[in-house]
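*Asks:* What follows is final.pdb, PDB, C-alpha atoms and all ligand atoms.
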```pdb
ATOM      1  CA  MET A1032     -15.425  15.893 -25.534
ATOM      2  CA  LYS A1033     -13.986  19.194 -24.249
ATOM      3  CA  ILE A1034     -11.674  18.226 -21.403
ATOM      4  CA  ALA A1035      -9.660  20.228 -18.824
ATOM      5  CA  ILE A1036      -7.009  18.975 -16.439
ATOM      6  CA  ILE A1037      -6.353  21.159 -13.401
ATOM      7  CA  GLY A1038      -2.995  20.258 -11.853
ATOM      8  CA  THR A1039      -0.459  18.926 -14.320
ATOM      9  CA  GLY A1040       2.103  17.316 -12.017
ATOM     10  CA  ASN A1041       3.011  13.604 -12.099
ATOM     11  CA  LEU A1042      -0.478  12.251 -12.647
ATOM     12  CA  GLY A1043      -2.113  15.192 -14.455
ATOM     13  CA  SER A1044       0.689  15.292 -17.044
ATOM     14  CA  SER A1045       0.513  11.471 -17.426
ATOM     15  CA  ILE A1046      -3.230  11.729 -18.132
ATOM     16  CA  ALA A1047      -2.555  14.578 -20.591
ATOM     17  CA  LYS A1048       0.076  12.478 -22.412
ATOM     18  CA  GLY A1049      -2.362   9.586 -22.674
ATOM     19  CA  LEU A1050      -5.222  11.794 -23.931
ATOM     20  CA  ILE A1051      -2.943  13.441 -26.503
ATOM     21  CA  LYS A1052      -1.532  10.096 -27.679
ATOM     22  CA  ASN A1053      -5.073   8.758 -28.221
ATOM     23  CA  LYS A1054      -6.535  12.091 -29.446
ATOM     24  CA  THR A1055      -9.339  11.581 -26.922
ATOM     25  CA  PHE A1056     -10.685  15.169 -26.987
ATOM     26  CA  THR A1057     -12.015  17.960 -29.127
ATOM     27  CA  SER A1058     -10.251  20.511 -26.905
ATOM     28  CA  LEU A1059      -7.914  20.075 -23.949
ATOM     29  CA  TYR A1060      -7.091  22.788 -21.387
ATOM     30  CA  LEU A1061      -4.078  22.058 -19.168
ATOM     31  CA  SER A1062      -4.043  24.368 -16.155
ATOM     32  CA  ASP A1063      -1.410  24.625 -13.418
ATOM     33  CA  LYS A1064       0.286  27.297 -11.314
ATOM     34  CA  ASN A1065       3.488  26.293 -13.053
ATOM     35  CA  THR A1066       2.982  24.852 -16.525
ATOM     36  CA  THR A1067       6.603  23.767 -17.145
ATOM     37  CA  ALA A1068       5.752  20.029 -17.189
ATOM     38  CA  VAL A1069       3.263  20.469 -20.042
ATOM     39  CA  ASN A1070       4.604  23.460 -22.004
ATOM     40  CA  SER A1071       5.866  21.053 -24.673
ATOM     41  CA  PHE A1072       2.211  20.192 -25.497
ATOM     42  CA  ASN A1073       1.600  23.818 -26.498
ATOM     43  CA  SER A1074       2.063  23.000 -30.176
ATOM     44  CA  VAL A1075      -0.441  20.107 -30.118
ATOM     45  CA  GLU A1076      -3.639  20.927 -31.993
ATOM     46  CA  ASN A1077      -6.568  21.995 -29.755
ATOM     47  CA  VAL A1078      -4.418  21.989 -26.597
ATOM     48  CA  THR A1079      -4.296  25.169 -24.483
ATOM     49  CA  ILE A1080      -1.807  25.630 -21.667
ATOM     50  CA  THR A1081      -2.939  28.071 -18.996
ATOM     51  CA  SER A1082      -2.670  29.079 -15.346
ATOM     52  CA  ASP A1083      -6.294  30.224 -15.338
ATOM     53  CA  ASN A1084      -8.332  27.449 -13.672
ATOM     54  CA  VAL A1085     -11.609  29.332 -14.152
ATOM     55  CA  LEU A1086     -11.017  29.642 -17.910
ATOM     56  CA  ALA A1087     -10.218  25.911 -18.087
ATOM     57  CA  VAL A1088     -13.513  25.054 -16.329
ATOM     58  CA  GLU A1089     -15.555  27.455 -18.450
ATOM     59  CA  GLN A1090     -14.144  26.017 -21.691
ATOM     60  CA  SER A1091     -14.726  22.362 -20.815
ATOM     61  CA  GLU A1092     -17.397  19.708 -20.328
ATOM     62  CA  MET A1093     -15.251  17.328 -18.305
ATOM     63  CA  VAL A1094     -12.821  18.701 -15.693
ATOM     64  CA  ILE A1095     -10.204  16.419 -14.189
ATOM     65  CA  PHE A1096      -8.808  17.678 -10.876
ATOM     66  CA  ALA A1097      -5.335  16.137 -10.479
ATOM     67  CA  LEU A1098      -4.309  18.022  -7.344
ATOM     68  CA  GLN A1099      -2.734  17.058  -4.050
ATOM     69  CA  PRO A1100      -5.388  16.438  -1.354
ATOM     70  CA  LYS A1101      -4.103  19.521   0.542
ATOM     71  CA  HIS A1102      -4.822  21.795  -2.458
ATOM     72  CA  ILE A1103      -8.089  20.408  -3.760
ATOM     73  CA  ASN A1104     -10.499  22.199  -1.367
ATOM     74  CA  ALA A1105      -9.136  25.664  -2.180
ATOM     75  CA  VAL A1106      -9.111  25.037  -5.933
ATOM     76  CA  LEU A1107     -12.639  23.582  -5.953
ATOM     77  CA  GLU A1108     -13.875  26.566  -3.913
ATOM     78  CA  SER A1109     -12.271  28.988  -6.365
ATOM     79  CA  VAL A1110     -14.040  27.460  -9.406
ATOM     80  CA  ALA A1111     -17.255  26.197  -7.720
ATOM     81  CA  SER A1112     -19.435  29.011  -9.083
ATOM     82  CA  LYS A1113     -18.383  28.096 -12.650
ATOM     83  CA  ILE A1114     -19.228  24.398 -12.353
ATOM     84  CA  THR A1115     -22.635  23.698 -13.863
ATOM     85  CA  THR A1116     -24.911  20.668 -13.640
ATOM     86  CA  ASN A1117     -23.729  19.740 -17.162
ATOM     87  CA  HIS A1118     -20.056  19.493 -16.193
ATOM     88  CA  VAL A1119     -18.581  16.126 -15.341
ATOM     89  CA  VAL A1120     -16.168  16.691 -12.451
ATOM     90  CA  ILE A1121     -13.511  14.046 -12.060
ATOM     91  CA  SER A1122     -11.205  13.883  -9.056
ATOM     92  CA  VAL A1123      -8.144  11.664  -8.856
ATOM     93  CA  ALA A1124      -7.093  13.012  -5.445
ATOM     94  CA  ALA A1125      -6.196  10.135  -3.166
ATOM     95  CA  GLY A1126      -8.168   9.999   0.066
ATOM     96  CA  VAL A1127     -10.638  12.715  -0.966
ATOM     97  CA  ASP A1128     -14.134  11.239  -0.929
ATOM     98  CA  ILE A1129     -17.142  12.252  -2.985
ATOM     99  CA  ALA A1130     -18.949  13.681   0.077
ATOM    100  CA  ARG A1131     -16.103  16.193   0.557
ATOM    101  CA  ILE A1132     -16.352  17.330  -3.066
ATOM    102  CA  GLU A1133     -20.167  17.491  -2.894
ATOM    103  CA  GLY A1134     -19.765  19.645   0.235
ATOM    104  CA  ILE A1135     -17.873  22.228  -1.847
ATOM    105  CA  ILE A1136     -19.535  22.186  -5.278
ATOM    106  CA  GLY A1137     -22.944  20.677  -4.415
ATOM    107  CA  LYS A1138     -24.667  17.289  -4.571
ATOM    108  CA  ASP A1139     -26.460  18.373  -7.728
ATOM    109  CA  LYS A1140     -23.175  18.189  -9.705
ATOM    110  CA  ASN A1141     -21.832  15.168 -11.610
ATOM    111  CA  ILE A1142     -18.897  13.953  -9.520
ATOM    112  CA  ILE A1143     -16.787  10.946 -10.420
ATOM    113  CA  ARG A1144     -13.846   9.660  -8.403
ATOM    114  CA  VAL A1145     -11.297   8.056 -10.665
ATOM    115  CA  MET A1146      -8.196   6.245  -9.469
ATOM    116  CA  PRO A1147      -5.736   5.636 -12.307
ATOM    117  CA  ASN A1148      -2.023   4.951 -12.088
ATOM    118  CA  THR A1149       0.955   6.498 -13.851
ATOM    119  CA  ALA A1150       0.850   3.828 -16.593
ATOM    120  CA  ILE A1151      -1.956   6.011 -17.968
ATOM    121  CA  SER A1152       0.744   7.916 -19.893
ATOM    122  CA  ILE A1153       1.301   4.814 -22.071
ATOM    123  CA  GLY A1154      -2.359   3.720 -22.188
ATOM    124  CA  LYS A1155      -1.910   0.873 -19.705
ATOM    125  CA  SER A1156      -3.501   2.164 -16.508
ATOM    126  CA  MET A1157      -5.710   0.024 -14.294
ATOM    127  CA  THR A1158      -8.273   2.670 -13.442
ATOM    128  CA  CYS A1159     -11.078   2.334 -10.876
ATOM    129  CA  ILE A1160     -14.184   4.510 -11.143
ATOM    130  CA  ALA A1161     -16.914   5.434  -8.626
ATOM    131  CA  ALA A1162     -19.619   8.073  -9.105
ATOM    132  CA  ASN A1163     -22.055  10.055  -6.965
ATOM    133  CA  GLU A1164     -25.798   9.585  -7.386
ATOM    134  CA  LYS A1165     -26.157  12.453  -9.867
ATOM    135  CA  ALA A1166     -23.385  11.104 -12.121
ATOM    136  CA  GLN A1167     -24.559   7.498 -12.440
ATOM    137  CA  ASP A1168     -25.493   8.080 -16.085
ATOM    138  CA  LYS A1169     -22.056   9.637 -16.770
ATOM    139  CA  VAL A1170     -20.061   6.597 -15.655
ATOM    140  CA  GLU A1171     -20.137   5.078 -19.124
ATOM    141  CA  MET A1172     -18.765   8.335 -20.563
ATOM    142  CA  ALA A1173     -15.893   8.301 -18.040
ATOM    143  CA  GLN A1174     -15.254   4.635 -18.834
ATOM    144  CA  THR A1175     -15.132   5.377 -22.553
ATOM    145  CA  ILE A1176     -12.438   8.020 -21.956
ATOM    146  CA  PHE A1177     -10.378   5.997 -19.486
ATOM    147  CA  ASN A1178     -10.744   2.712 -21.441
ATOM    148  CA  GLN A1179      -8.682   4.415 -24.130
ATOM    149  CA  LEU A1180      -5.991   4.908 -21.504
ATOM    150  CA  GLY A1181      -5.954   1.335 -20.193
ATOM    151  CA  THR A1182      -8.505  -0.843 -18.420
ATOM    152  CA  THR A1183     -11.307   0.349 -16.147
ATOM    153  CA  MET A1184     -13.328  -1.192 -13.348
ATOM    154  CA  VAL A1185     -16.435   0.444 -11.849
ATOM    155  CA  ILE A1186     -16.417  -0.084  -8.077
ATOM    156  CA  PRO A1187     -18.411   1.108  -5.043
ATOM    157  CA  GLU A1188     -16.900   4.241  -3.531
ATOM    158  CA  ASP A1189     -16.019   2.490  -0.270
ATOM    159  CA  LEU A1190     -13.439   0.422  -2.180
ATOM    160  CA  VAL A1191     -11.641   3.372  -3.802
ATOM    161  CA  GLN A1192      -9.117   3.654  -0.937
ATOM    162  CA  ALA A1193      -8.218  -0.014  -1.334
ATOM    163  CA  ALA A1194      -8.006   0.404  -5.116
ATOM    164  CA  THR A1195      -5.609   3.332  -4.609
ATOM    165  CA  VAL A1196      -3.215   1.083  -2.719
ATOM    166  CA  ILE A1197      -3.434  -1.880  -5.104
ATOM    167  CA  CYS A1198      -3.406   0.015  -8.404
ATOM    168  CA  ALA A1199      -1.867   3.486  -7.872
ATOM    169  CA  SER A1200       0.708   2.721  -5.157
ATOM    170  CA  GLY A1201       0.881  -0.736  -6.734
ATOM    171  CA  ILE A1202       3.016   0.627  -9.577
ATOM    172  CA  ALA A1203       5.712   1.448  -7.001
ATOM    173  CA  PHE A1204       5.377  -1.952  -5.330
ATOM    174  CA  TRP A1205       5.869  -3.816  -8.626
ATOM    175  CA  MET A1206       8.783  -1.523  -9.577
ATOM    176  CA  ARG A1207      10.535  -2.452  -6.336
ATOM    177  CA  LEU A1208      10.069  -6.166  -7.124
ATOM    178  CA  VAL A1209      11.541  -5.646 -10.591
ATOM    179  CA  ARG A1210      14.471  -3.704  -9.114
ATOM    180  CA  ALA A1211      15.188  -6.458  -6.578
ATOM    181  CA  THR A1212      15.115  -9.072  -9.359
ATOM    182  CA  THR A1213      17.558  -6.916 -11.337
ATOM    183  CA  GLN A1214      19.903  -6.722  -8.357
ATOM    184  CA  GLY A1215      19.748 -10.516  -8.044
ATOM    185  CA  ALA A1216      20.528 -10.943 -11.749
ATOM    186  CA  ILE A1217      23.563  -8.644 -11.474
ATOM    187  CA  GLN A1218      24.818 -10.680  -8.531
ATOM    188  CA  LEU A1219      24.524 -13.796 -10.723
ATOM    189  CA  GLY A1220      26.716 -12.220 -13.402
ATOM    190  CA  PHE A1221      24.610 -10.135 -15.797
ATOM    191  CA  GLU A1222      25.441  -6.574 -16.798
ATOM    192  CA  ALA A1223      22.999  -4.034 -15.303
ATOM    193  CA  GLU A1224      21.272  -3.328 -18.625
ATOM    194  CA  GLN A1225      20.837  -7.018 -19.437
ATOM    195  CA  ALA A1226      19.611  -7.676 -15.888
ATOM    196  CA  HIS A1227      17.003  -4.917 -16.240
ATOM    197  CA  GLU A1228      15.741  -6.304 -19.560
ATOM    198  CA  LEU A1229      15.575  -9.865 -18.237
ATOM    199  CA  ALA A1230      13.633  -8.779 -15.136
ATOM    200  CA  THR A1231      11.237  -6.477 -16.991
ATOM    201  CA  GLN A1232      10.414  -8.868 -19.826
ATOM    202  CA  THR A1233       9.916 -11.765 -17.404
ATOM    203  CA  CYS A1234       7.560  -9.608 -15.321
ATOM    204  CA  PHE A1235       5.672  -8.687 -18.516
ATOM    205  CA  GLY A1236       5.496 -12.366 -19.532
ATOM    206  CA  ALA A1237       4.169 -13.402 -16.105
ATOM    207  CA  ALA A1238       1.410 -10.748 -16.156
ATOM    208  CA  SER A1239       0.545 -11.609 -19.791
ATOM    209  CA  LEU A1240       0.292 -15.327 -18.959
ATOM    210  CA  LEU A1241      -2.280 -14.575 -16.248
ATOM    211  CA  LEU A1242      -4.236 -12.105 -18.383
ATOM    212  CA  GLU A1243      -4.314 -14.286 -21.484
ATOM    213  CA  SER A1244      -4.823 -17.712 -19.875
ATOM    214  CA  GLY A1245      -7.169 -16.579 -17.083
ATOM    215  CA  ARG A1246      -5.356 -19.082 -14.853
ATOM    216  CA  HIS A1247      -4.565 -18.643 -11.140
ATOM    217  CA  PRO A1248      -0.926 -17.683 -10.315
ATOM    218  CA  GLU A1249      -0.487 -20.929  -8.377
ATOM    219  CA  GLN A1250      -1.381 -22.962 -11.515
ATOM    220  CA  GLU A1251       1.334 -21.106 -13.432
ATOM    221  CA  ILE A1252       3.759 -21.696 -10.545
ATOM    222  CA  ASP A1253       2.982 -25.437 -10.676
ATOM    223  CA  ARG A1254       3.944 -25.446 -14.380
ATOM    224  CA  VAL A1255       7.392 -23.987 -13.583
ATOM    225  CA  THR A1256       8.312 -25.843 -10.421
ATOM    226  CA  THR A1257      10.144 -29.084 -11.217
ATOM    227  CA  PRO A1258      10.076 -31.437  -8.190
ATOM    228  CA  SER A1259      13.329 -30.999  -6.230
ATOM    229  CA  GLY A1260      14.237 -28.300  -8.772
ATOM    230  CA  CYS A1261      15.661 -24.814  -8.441
ATOM    231  CA  THR A1262      12.347 -22.894  -8.640
ATOM    232  CA  ILE A1263      10.762 -24.418  -5.544
ATOM    233  CA  GLU A1264      14.096 -24.032  -3.733
ATOM    234  CA  GLY A1265      14.071 -20.298  -4.518
ATOM    235  CA  LEU A1266      10.350 -19.823  -3.771
ATOM    236  CA  ASN A1267      10.616 -21.551  -0.409
ATOM    237  CA  ALA A1268      13.710 -19.532   0.551
ATOM    238  CA  MET A1269      11.778 -16.330  -0.325
ATOM    239  CA  GLU A1270       8.772 -17.426   1.738
ATOM    240  CA  HIS A1271      11.039 -18.312   4.707
ATOM    241  CA  GLN A1272      12.094 -14.637   4.534
ATOM    242  CA  GLY A1273       8.409 -13.635   4.497
ATOM    243  CA  LEU A1274       7.933 -12.516   0.865
ATOM    244  CA  SER A1275       4.120 -12.905   0.730
ATOM    245  CA  SER A1276       3.756 -11.683   4.295
ATOM    246  CA  ALA A1277       5.914  -8.589   3.604
ATOM    247  CA  LEU A1278       3.795  -7.710   0.556
ATOM    248  CA  ILE A1279       0.509  -8.138   2.416
ATOM    249  CA  GLN A1280       1.788  -6.132   5.398
ATOM    250  CA  GLY A1281       2.978  -3.377   3.059
ATOM    251  CA  ILE A1282      -0.428  -3.236   1.374
ATOM    252  CA  VAL A1283      -2.215  -3.032   4.739
ATOM    253  CA  ALA A1284       0.210  -0.304   5.998
ATOM    254  CA  SER A1285      -0.411   1.683   2.827
ATOM    255  CA  PHE A1286      -4.196   1.277   3.303
ATOM    256  CA  GLU A1287      -3.989   2.470   6.923
ATOM    257  CA  LYS A1288      -2.024   5.521   5.795
ATOM    258  CA  ILE A1289      -4.501   6.450   3.077
ATOM    259  CA  ASN A1290      -7.337   6.185   5.584
ATOM    260  CA  GLN A1291      -5.439   8.637   7.826
ATOM    261  CA  ILE A1292      -4.986  11.006   4.856
ATOM    262  CA  LYS A1293      -8.770  10.825   4.296
ATOM    263  CA  LYS A1294      -9.459  12.002   7.862
ATOM    264  CA  ASN A1295      -7.139  15.057   7.559
TER     265      ASN A1295
HETATM  266  N1  LIG B   1       1.241   9.985  -8.635
HETATM  267  C1  LIG B   1       0.429   8.942  -8.738
HETATM  268  O1  LIG B   1       0.795   7.843  -9.167
HETATM  269  C2  LIG B   1      -1.001   9.052  -8.341
HETATM  270  C3  LIG B   1      -1.511  10.165  -7.711
HETATM  271  N2  LIG B   1      -2.808  10.239  -7.359
HETATM  272  C4  LIG B   1      -3.351  11.431  -6.746
HETATM  273  O2  LIG B   1      -3.357  12.438  -7.766
HETATM  274  C5  LIG B   1      -3.170  13.711  -7.182
HETATM  275  C6  LIG B   1      -2.029  14.408  -7.865
HETATM  276  O3  LIG B   1      -0.822  13.690  -7.598
HETATM  277  P1  LIG B   1       0.533  14.057  -8.304
HETATM  278  O4  LIG B   1       0.271  14.304  -9.752
HETATM  279  O5  LIG B   1       1.514  13.040  -7.918
HETATM  280  O6  LIG B   1       0.835  15.494  -7.580
HETATM  281  P2  LIG B   1       1.743  16.689  -8.091
HETATM  282  O7  LIG B   1       2.092  17.509  -6.897
HETATM  283  O8  LIG B   1       2.840  16.153  -8.962
HETATM  284  O9  LIG B   1       0.759  17.524  -9.051
HETATM  285  C7  LIG B   1      -0.189  18.432  -8.594
HETATM  286  C8  LIG B   1      -0.030  19.688  -9.428
HETATM  287  O10 LIG B   1      -1.053  20.602  -9.076
HETATM  288  C9  LIG B   1      -0.461  21.909  -9.020
HETATM  289  N3  LIG B   1      -1.252  22.846  -8.275
HETATM  290  C10 LIG B   1      -1.230  23.119  -6.947
HETATM  291  N4  LIG B   1      -2.101  24.112  -6.665
HETATM  292  C11 LIG B   1      -2.683  24.472  -7.844
HETATM  293  C12 LIG B   1      -3.635  25.453  -8.199
HETATM  294  N5  LIG B   1      -4.160  26.296  -7.294
HETATM  295  N6  LIG B   1      -3.999  25.544  -9.500
HETATM  296  C13 LIG B   1      -3.456  24.728 -10.434
HETATM  297  N7  LIG B   1      -2.523  23.794 -10.154
HETATM  298  C14 LIG B   1      -2.141  23.669  -8.874
HETATM  299  C15 LIG B   1       0.867  21.626  -8.400
HETATM  300  O11 LIG B   1       1.745  22.727  -8.518
HETATM  301  P3  LIG B   1       2.881  22.936  -7.354
HETATM  302  O12 LIG B   1       3.761  21.719  -7.423
HETATM  303  O13 LIG B   1       3.539  24.203  -7.774
HETATM  304  O14 LIG B   1       2.139  23.026  -6.050
HETATM  305  C16 LIG B   1       1.318  20.396  -9.170
HETATM  306  O15 LIG B   1       1.904  20.740 -10.404
HETATM  307  C17 LIG B   1      -2.935  13.490  -5.698
HETATM  308  O16 LIG B   1      -4.124  13.753  -5.014
HETATM  309  C18 LIG B   1      -2.545  12.044  -5.607
HETATM  310  O17 LIG B   1      -2.951  11.525  -4.390
HETATM  311  C19 LIG B   1      -3.667   9.244  -7.699
HETATM  312  C20 LIG B   1      -3.236   8.120  -8.340
HETATM  313  C21 LIG B   1      -1.863   7.930  -8.682
HETATM  314  O1  LIG B   2       1.508   8.010  -2.575
HETATM  315  C1  LIG B   2       0.420   8.583  -2.605
HETATM  316  O2  LIG B   2      -0.102   9.003  -1.548
HETATM  317  C2  LIG B   2      -0.319   8.781  -3.916
HETATM  318  C3  LIG B   2      -1.624   8.072  -3.914
HETATM  319  C4  LIG B   2      -1.404   6.824  -4.697
HETATM  320  C5  LIG B   2      -0.204   7.097  -5.446
HETATM  321  N1  LIG B   2       0.368   8.186  -5.023
END
```
As structure tokens - that is how I would like this structure written.
Ligand SMILES: NC(=O)C1=CN([C@@H]2O[C@H](COP(=O)(O)OP(=O)(O)OC[C@H]3O[C@@H](n4cnc5c(N)ncnc54)[C@H](OP(=O)(O)O)[C@@H]3O)[C@@H](O)[C@H]2O)C=CC1
Ligand SMILES: O=C(O)[C@@H]1CCC=N1
*Replies:*
Amino acid sequence: MKIAIIGTGNLGSSIAKGLIKNKTFTSLYLSDKNTTAVNSFNSVENVTITSDNVLAVEQSEMVIFALQPKHINAVLESVASKITTNHVVISVAAGVDIARIEGIIGKDKNIIRVMPNTAISIGKSMTCIAANEKAQDKVEMAQTIFNQLGTTMVIPEDLVQAATVICASGIAFWMRLVRATTQGAIQLGFEAEQAHELATQTCFGAASLLLESGRHPEQEIDRVTTPSGCTIEGLNAMEHQGLSSALIQGIVASFEKINQIKKN
């Protein structure tokens, strides 16, 4: 597959890293106004670094637009005449719906909205995918690409905003939980580096337990909580401070914000 990424900032460069690591392309064009973040890929076979978005579109079958919502209209307009009905257009722009993209490049084009997260750079993204009517038969192709960069879930487009909060912003939410655990561990006497390793590996173990056992988190909690023990003491103290409530409120606030972004 001949792939182009237009916009190689945080997410675009993460996708590029993942594609390069998995050799998921026959050619890869990386296009940005400023190519500094990806210049090091210049020596990778079949990778071209450019600032020419039109060239990137013309040379590719799948074009991934990894641009800020405020830039995507102008960039799509500038390459619209080069996008054919054979191209698969992928947008990762948060809050930009398929109707807006169809309005610029046409309903007759294959348009897929993909919402990955930055773990895509290490092949561990949870990526949600929704397609317009024309691209229904291209969803499998998009899944094949993004399955090599983590796990995918095909969802209706009206859930993409929610998926953005849970999976894309979610990386930041989980990082904050790991950081707080690290701070707690330091207070209990560990060196910062040890504290970080303990928190990160325990987080990894917890997620792996759920993924591998298929059990509900509360079942795993029951297996840890000794009656009158220290775990339930800690959990209840956290809940008295509103841990679950704070997380849910944060998720809802994030969702309200992304819906505002969509309107702008
Ligand atoms: N970061 C994340 O975890 C996630 C982000 N998203 C979405 O992905 C999109 C990209 O986010 P992110 O990577 O963080 O943003 P960045 O700002 O880091 O990257 C966007 C890149 O596009 C470049 N750019 C701007 N205009 C053009 C142009 N005309 N031609 C070519 N390149 C251009 C920017 O250059 P310059 O900086 O010079 O303007 C920048 O390098 C956003 O819509 C975001 O909502 C989705 C999921 C996760
Ligand atoms: O914070 C943001 O708005 C973008 C979308 C999800 C992740 N980053």
*Asks:* Closest to ligand LIG 2 (chain B) among A:Leu1190, A:Leu1042, A:Ile1121, A:Ile1282, using all atoms listed in the file?
*Replies:* A:Leu1042
*Asks:* With only C-alpha atoms and all ligand atoms as the atoms that count, which of A:Ser1071, A:Asn1148, A:Ser1122, A:Ser1285 lies nearest to ligand LIG 1 (chain B)?
*Replies:*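 Using only C-alpha atoms and all ligand atoms, ligand LIG 1 (chain B) sits closest to A:Asn1148.
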*Asks:* Just the residues within 7 Å of range 1152-1168 of chain A, please, counting all atoms listed in the file, with nothing from its chain fewer than 4 positions along; format it as a CSV table (one decimal) with C-alpha atoms, in the frame of the given file.
*Replies:*
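To be explicit, this is the file written out as result_9.csv:
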```csv
chain,number,residue,atom,x,y,z
A,1045,SER,CA,0.5,11.5,-17.4
A,1046,ILE,CA,-3.2,11.7,-18.1
A,1048,LYS,CA,0.1,12.5,-22.4
A,1049,GLY,CA,-2.4,9.6,-22.7
A,1129,ILE,CA,-17.1,12.3,-3.0
A,1139,ASP,CA,-26.5,18.4,-7.7
A,1140,LYS,CA,-23.2,18.2,-9.7
A,1141,ASN,CA,-21.8,15.2,-11.6
A,1142,ILE,CA,-18.9,14.0,-9.5
A,1143,ILE,CA,-16.8,10.9,-10.4
A,1144,ARG,CA,-13.8,9.7,-8.4
A,1145,VAL,CA,-11.3,8.1,-10.7
A,1146,MET,CA,-8.2,6.2,-9.5
A,1147,PRO,CA,-5.7,5.6,-12.3
A,1148,ASN,CA,-2.0,5.0,-12.1
A,1179,GLN,CA,-8.7,4.4,-24.1
A,1180,LEU,CA,-6.0,4.9,-21.5
A,1181,GLY,CA,-6.0,1.3,-20.2
A,1182,THR,CA,-8.5,-0.8,-18.4
A,1183,THR,CA,-11.3,0.3,-16.1
A,1184,MET,CA,-13.3,-1.2,-13.3
A,1185,VAL,CA,-16.4,0.4,-11.8
A,1186,ILE,CA,-16.4,-0.1,-8.1
A,1187,PRO,CA,-18.4,1.1,-5.0
A,1188,GLU,CA,-16.9,4.2,-3.5
A,1194,ALA,CA,-8.0,0.4,-5.1
A,1198,CYS,CA,-3.4,0.0,-8.4
```
*Asks:* Out of A:Gly1281, A:Pro1100, A:Pro1258, A:Pro1248, which residue has the shortest atom-to-atom distance to Ala1203 in chain A when counting only C-alpha atoms?
*Replies:*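 Of A:Gly1281, A:Pro1100, A:Pro1258, A:Pro1248, the one nearest Ala1203 in chain A, counting only C-alpha atoms, is A:Gly1281.
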*Asks:* For ligand LIG 2 (chain B), which residue among A:Ala1068, A:Leu1229, A:Cys1261, A:Val1123 is the nearest when counting only C-alpha atoms and all ligand atoms?
*Replies:*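 Closest residue, counting only C-alpha atoms and all ligand atoms: A:Val1123.
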*Asks:* Kindly compute an axis-aligned box around the listed atoms of ligand LIG 1 (chain B), allowing 6 Å on each side, and express its centre and edge lengths in Å to one decimal as lines of an AutoDock Vina configuration file.
*Replies:*
```
center_x = -0.2
center_y = 17.1
center_z = -7.4
size_x = 19.9
size_y = 30.5
size_z = 18.0
```
*Asks:* Please reconstruct the missing atoms of range 1159-1170 of chain A (target: N, CA and C atoms) and return them as a compact mmCIF listing (two decimals), in the frame of the given file.
*Replies:*
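File result_8.txt, as written:
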```txt
# COMPACT_ATOMS: atom_id res chain seq x y z
N CYS A 1159 -9.80 2.63 -11.54
CA CYS A 1159 -11.08 2.33 -10.88
C CYS A 1159 -11.94 3.59 -10.85
N ILE A 1160 -13.25 3.39 -10.97
CA ILE A 1160 -14.18 4.51 -11.14
C ILE A 1160 -15.37 4.34 -10.19
N ALA A 1161 -15.71 5.44 -9.47
CA ALA A 1161 -16.91 5.43 -8.63
C ALA A 1161 -17.59 6.79 -8.78
N ALA A 1162 -18.92 6.81 -8.83
CA ALA A 1162 -19.62 8.07 -9.10
C ALA A 1162 -20.64 8.39 -8.02
N ASN A 1163 -20.97 9.69 -7.89
CA ASN A 1163 -22.06 10.06 -6.96
C ASN A 1163 -23.39 9.75 -7.64
N GLU A 1164 -24.48 9.97 -6.88
CA GLU A 1164 -25.80 9.59 -7.39
C GLU A 1164 -26.12 10.30 -8.69
N LYS A 1165 -25.82 11.63 -8.70
CA LYS A 1165 -26.16 12.45 -9.87
C LYS A 1165 -25.44 11.97 -11.13
N ALA A 1166 -24.22 11.42 -10.95
CA ALA A 1166 -23.38 11.10 -12.12
C ALA A 1166 -23.51 9.66 -12.59
N GLN A 1167 -24.47 8.92 -12.05
CA GLN A 1167 -24.56 7.50 -12.44
C GLN A 1167 -24.65 7.32 -13.95
N ASP A 1168 -25.36 8.24 -14.63
CA ASP A 1168 -25.49 8.08 -16.08
C ASP A 1168 -24.28 8.64 -16.85
N LYS A 1169 -23.28 9.13 -16.11
CA LYS A 1169 -22.06 9.64 -16.77
C LYS A 1169 -20.89 8.65 -16.64
N VAL A 1170 -21.14 7.55 -15.90
CA VAL A 1170 -20.06 6.60 -15.66
C VAL A 1170 -19.56 6.00 -16.97
```
